[in-house]
Amino acid sequence: MKKLQPWLDHGFLELDNNTAERSMRPIALGRKNYLFMGSKRGGKSAAIAYTLIETAKLNNVDPQSWLTDVLSRIADHKINRIDELLPWHYAQT
């Protein structure tokens with residue numbers, strides 16, 4: 001009963017981890033495809049792309065429109081203001 005006490009004391013805690021498991025599902029489903037990225041560099045590029053896409057989703061931003069906007073502006077953007085291109089700033093505009 002002691003392990004259940006935090007859940008009983010705080011109503012905002014979830015009893016299961018379905019949310020985390022659902023967010024990892026697409027990666028688990030494509031695991032066999034990801035084994036053959038072609039090279040270590042290809043795997044790293046894919047990991048970066050998946051990270052950017054999932055970060056946009058977590059910030060309620062459409063990944064395709066955000067990436068399209070960022071990639072069209074990044075070449076002319078000042079390096080010391082690169083944080084303005086992050087998804088949570090894009091969501092505010």
# chains A, B, ... in the order shown; residues from 1 in each chain; ligands from 1
>>> residues_around(residues="Thr93 (chain A)", least_positions_apart="6", cutoff="12 Å", atoms="only C-alpha atoms", output="NGL selection string")
:A and (61 or 66 or 84-87)
>>> write_last_selection(atoms="N, CA and C atoms", output="compact mmCIF listing (two decimals), in the first residue's frame")
# COMPACT_ATOMS: atom_id res chain seq x y z
N VAL A 61 3.29 21.91 -32.59
CA VAL A 61 3.66 22.59 -33.84
C VAL A 61 3.66 21.55 -34.94
N TRP A 66 6.84 23.80 -39.72
CA TRP A 66 7.95 24.38 -38.95
C TRP A 66 9.28 24.15 -39.65
N GLU A 84 15.64 31.56 -31.73
CA GLU A 84 14.36 32.06 -32.24
C GLU A 84 13.70 31.08 -33.21
N LEU A 85 14.48 30.15 -33.75
CA LEU A 85 13.96 29.19 -34.72
C LEU A 85 13.44 27.91 -34.06
N LEU A 86 13.58 27.78 -32.76
CA LEU A 86 13.14 26.57 -32.07
C LEU A 86 11.62 26.45 -32.05
N PRO A 87 11.11 25.23 -31.97
CA PRO A 87 9.66 25.03 -32.12
C PRO A 87 8.81 25.76 -31.09
>>> residues_around(residues="Glu54 (chain A)", least_positions_apart="6", cutoff="12 Å", atoms="only C-alpha atoms", output="CSV table (one decimal) with C-alpha atoms, in the first residue's frame")
chain,number,residue,atom,x,y,z
A,23,SER,CA,5.0,8.1,-28.1
A,24,MET,CA,7.7,5.4,-28.6
A,26,PRO,CA,6.4,4.4,-34.2
A,27,ILE,CA,10.1,3.8,-33.4
A,47,ALA,CA,18.1,10.4,-35.1
A,48,ILE,CA,18.5,14.1,-35.5
A,60,ASN,CA,2.0,21.4,-30.6
A,61,VAL,CA,3.7,22.6,-33.8
A,62,ASP,CA,3.1,21.0,-37.2
A,63,PRO,CA,6.6,19.5,-38.0
A,64,GLN,CA,6.4,19.9,-41.7
A,66,TRP,CA,7.9,24.4,-38.9
A,67,LEU,CA,10.8,22.6,-40.7
A,87,PRO,CA,9.7,25.0,-32.1
>>> select_by_dssp(residues="region 5-79 of chain A", states="alpha helix (DSSP H)", output="count of residues only")
51
>>> closest_residue(among="A:Lys78, A:Lys40, A:Lys57, A:Arg73", to="Ala91 (chain A)", atoms="only C-alpha atoms")
A:Lys57
>>> decode(residues="region 17-44 of chain A", atoms="N, CA, C and O atoms", output="mmCIF file, in the first residue's frame")
data_model
loop_
_atom_site.group_PDB
_atom_site.id
_atom_site.type_symbol
_atom_site.label_atom_id
_atom_site.label_comp_id
_atom_site.auth_asym_id
_atom_site.auth_seq_id
_atom_site.Cartn_x
_atom_site.Cartn_y
_atom_site.Cartn_z
ATOM 1 N N ASN A 17 1.915 4.045 -17.746
ATOM 2 C CA ASN A 17 2.825 4.821 -18.589
ATOM 3 C C ASN A 17 2.425 4.731 -20.065
ATOM 4 O O ASN A 17 3.269 4.760 -20.943
ATOM 5 N N ASN A 18 1.130 4.635 -20.328
ATOM 6 C CA ASN A 18 0.648 4.507 -21.703
ATOM 7 C C ASN A 18 1.065 5.681 -22.581
ATOM 8 O O ASN A 18 1.361 5.501 -23.759
ATOM 9 N N THR A 19 1.100 6.878 -22.031
ATOM 10 C CA THR A 19 1.480 8.052 -22.823
ATOM 11 C C THR A 19 2.903 7.903 -23.349
ATOM 12 O O THR A 19 3.162 8.141 -24.530
ATOM 13 N N ALA A 20 3.813 7.503 -22.488
ATOM 14 C CA ALA A 20 5.209 7.317 -22.909
ATOM 15 C C ALA A 20 5.328 6.179 -23.919
ATOM 16 O O ALA A 20 6.049 6.288 -24.908
ATOM 17 N N GLU A 21 4.608 5.101 -23.680
ATOM 18 C CA GLU A 21 4.681 3.959 -24.600
ATOM 19 C C GLU A 21 4.101 4.301 -25.964
ATOM 20 O O GLU A 21 4.624 3.873 -26.992
ATOM 21 N N ARG A 22 3.019 5.080 -26.006
ATOM 22 C CA ARG A 22 2.428 5.470 -27.286
ATOM 23 C C ARG A 22 3.370 6.355 -28.087
ATOM 24 O O ARG A 22 3.431 6.268 -29.314
ATOM 25 N N SER A 23 4.121 7.221 -27.411
ATOM 26 C CA SER A 23 5.034 8.098 -28.138
ATOM 27 C C SER A 23 6.221 7.333 -28.717
ATOM 28 O O SER A 23 6.829 7.766 -29.689
ATOM 29 N N MET A 24 6.554 6.191 -28.132
ATOM 30 C CA MET A 24 7.673 5.378 -28.621
ATOM 31 C C MET A 24 7.232 4.324 -29.642
ATOM 32 O O MET A 24 8.074 3.696 -30.278
ATOM 33 N N ARG A 25 5.953 4.144 -29.822
ATOM 34 C CA ARG A 25 5.428 3.091 -30.692
ATOM 35 C C ARG A 25 5.939 3.180 -32.136
ATOM 36 O O ARG A 25 6.351 2.164 -32.702
ATOM 37 N N PRO A 26 5.907 4.360 -32.773
ATOM 38 C CA PRO A 26 6.386 4.409 -34.165
ATOM 39 C C PRO A 26 7.837 3.952 -34.314
ATOM 40 O O PRO A 26 8.189 3.312 -35.303
ATOM 41 N N ILE A 27 8.658 4.261 -33.345
ATOM 42 C CA ILE A 27 10.061 3.849 -33.412
ATOM 43 C C ILE A 27 10.177 2.341 -33.270
ATOM 44 O O ILE A 27 10.927 1.693 -33.990
ATOM 45 N N ALA A 28 9.402 1.776 -32.350
ATOM 46 C CA ALA A 28 9.438 0.319 -32.151
ATOM 47 C C ALA A 28 8.924 -0.411 -33.385
ATOM 48 O O ALA A 28 9.463 -1.455 -33.770
ATOM 49 N N LEU A 29 7.896 0.123 -34.039
ATOM 50 C CA LEU A 29 7.345 -0.525 -35.228
ATOM 51 C C LEU A 29 8.330 -0.525 -36.395
ATOM 52 O O LEU A 29 8.364 -1.453 -37.186
ATOM 53 N N GLY A 30 9.125 0.526 -36.502
ATOM 54 C CA GLY A 30 10.055 0.611 -37.615
ATOM 55 C C GLY A 30 11.453 0.143 -37.286
ATOM 56 O O GLY A 30 12.377 0.358 -38.071
ATOM 57 N N ARG A 31 11.615 -0.502 -36.155
ATOM 58 C CA ARG A 31 12.955 -0.885 -35.684
ATOM 59 C C ARG A 31 13.754 -1.661 -36.730
ATOM 60 O O ARG A 31 14.934 -1.395 -36.949
ATOM 61 N N LYS A 32 13.142 -2.600 -37.405
ATOM 62 C CA LYS A 32 13.878 -3.392 -38.398
ATOM 63 C C LYS A 32 14.343 -2.520 -39.563
ATOM 64 O O LYS A 32 15.422 -2.735 -40.103
ATOM 65 N N ASN A 33 13.544 -1.547 -39.935
ATOM 66 C CA ASN A 33 13.952 -0.650 -41.016
ATOM 67 C C ASN A 33 15.121 0.227 -40.604
ATOM 68 O O ASN A 33 15.958 0.579 -41.423
ATOM 69 N N TYR A 34 15.156 0.599 -39.345
ATOM 70 C CA TYR A 34 16.200 1.494 -38.863
ATOM 71 C C TYR A 34 17.542 0.794 -38.705
ATOM 72 O O TYR A 34 18.563 1.463 -38.575
ATOM 73 N N LEU A 35 17.564 -0.511 -38.716
ATOM 74 C CA LEU A 35 18.822 -1.236 -38.588
ATOM 75 C C LEU A 35 19.732 -1.007 -39.791
ATOM 76 O O LEU A 35 20.939 -1.117 -39.703
ATOM 77 N N PHE A 36 19.132 -0.674 -40.911
ATOM 78 C CA PHE A 36 19.891 -0.577 -42.154
ATOM 79 C C PHE A 36 19.842 0.845 -42.717
ATOM 80 O O PHE A 36 19.360 1.078 -43.811
ATOM 81 N N MET A 37 20.341 1.788 -41.964
ATOM 82 C CA MET A 37 20.358 3.189 -42.388
ATOM 83 C C MET A 37 21.406 3.437 -43.458
ATOM 84 O O MET A 37 21.443 4.489 -44.047
ATOM 85 N N GLY A 38 22.279 2.491 -43.659
ATOM 86 C CA GLY A 38 23.311 2.633 -44.682
ATOM 87 C C GLY A 38 24.678 2.909 -44.098
ATOM 88 O O GLY A 38 25.682 2.428 -44.600
ATOM 89 N N SER A 39 24.726 3.700 -43.041
ATOM 90 C CA SER A 39 26.006 4.016 -42.414
ATOM 91 C C SER A 39 25.754 4.597 -41.032
ATOM 92 O O SER A 39 24.627 4.926 -40.678
ATOM 93 N N LYS A 40 26.826 4.726 -40.288
ATOM 94 C CA LYS A 40 26.715 5.339 -38.963
ATOM 95 C C LYS A 40 26.255 6.793 -39.096
ATOM 96 O O LYS A 40 25.437 7.272 -38.311
ATOM 97 N N ARG A 41 26.758 7.476 -40.088
ATOM 98 C CA ARG A 41 26.381 8.870 -40.331
ATOM 99 C C ARG A 41 24.894 8.979 -40.711
ATOM 100 O O ARG A 41 24.206 9.904 -40.296
ATOM 101 N N GLY A 42 24.406 8.027 -41.498
ATOM 102 C CA GLY A 42 22.996 8.010 -41.863
ATOM 103 C C GLY A 42 22.107 7.798 -40.649
ATOM 104 O O GLY A 42 21.049 8.410 -40.521
ATOM 105 N N GLY A 43 22.535 6.922 -39.756
ATOM 106 C CA GLY A 43 21.786 6.695 -38.524
ATOM 107 C C GLY A 43 21.741 7.925 -37.651
ATOM 108 O O GLY A 43 20.713 8.248 -37.055
ATOM 109 N N LYS A 44 22.860 8.637 -37.587
ATOM 110 C CA LYS A 44 22.912 9.871 -36.796
ATOM 111 C C LYS A 44 22.000 10.932 -37.400
ATOM 112 O O LYS A 44 21.277 11.627 -36.682
#
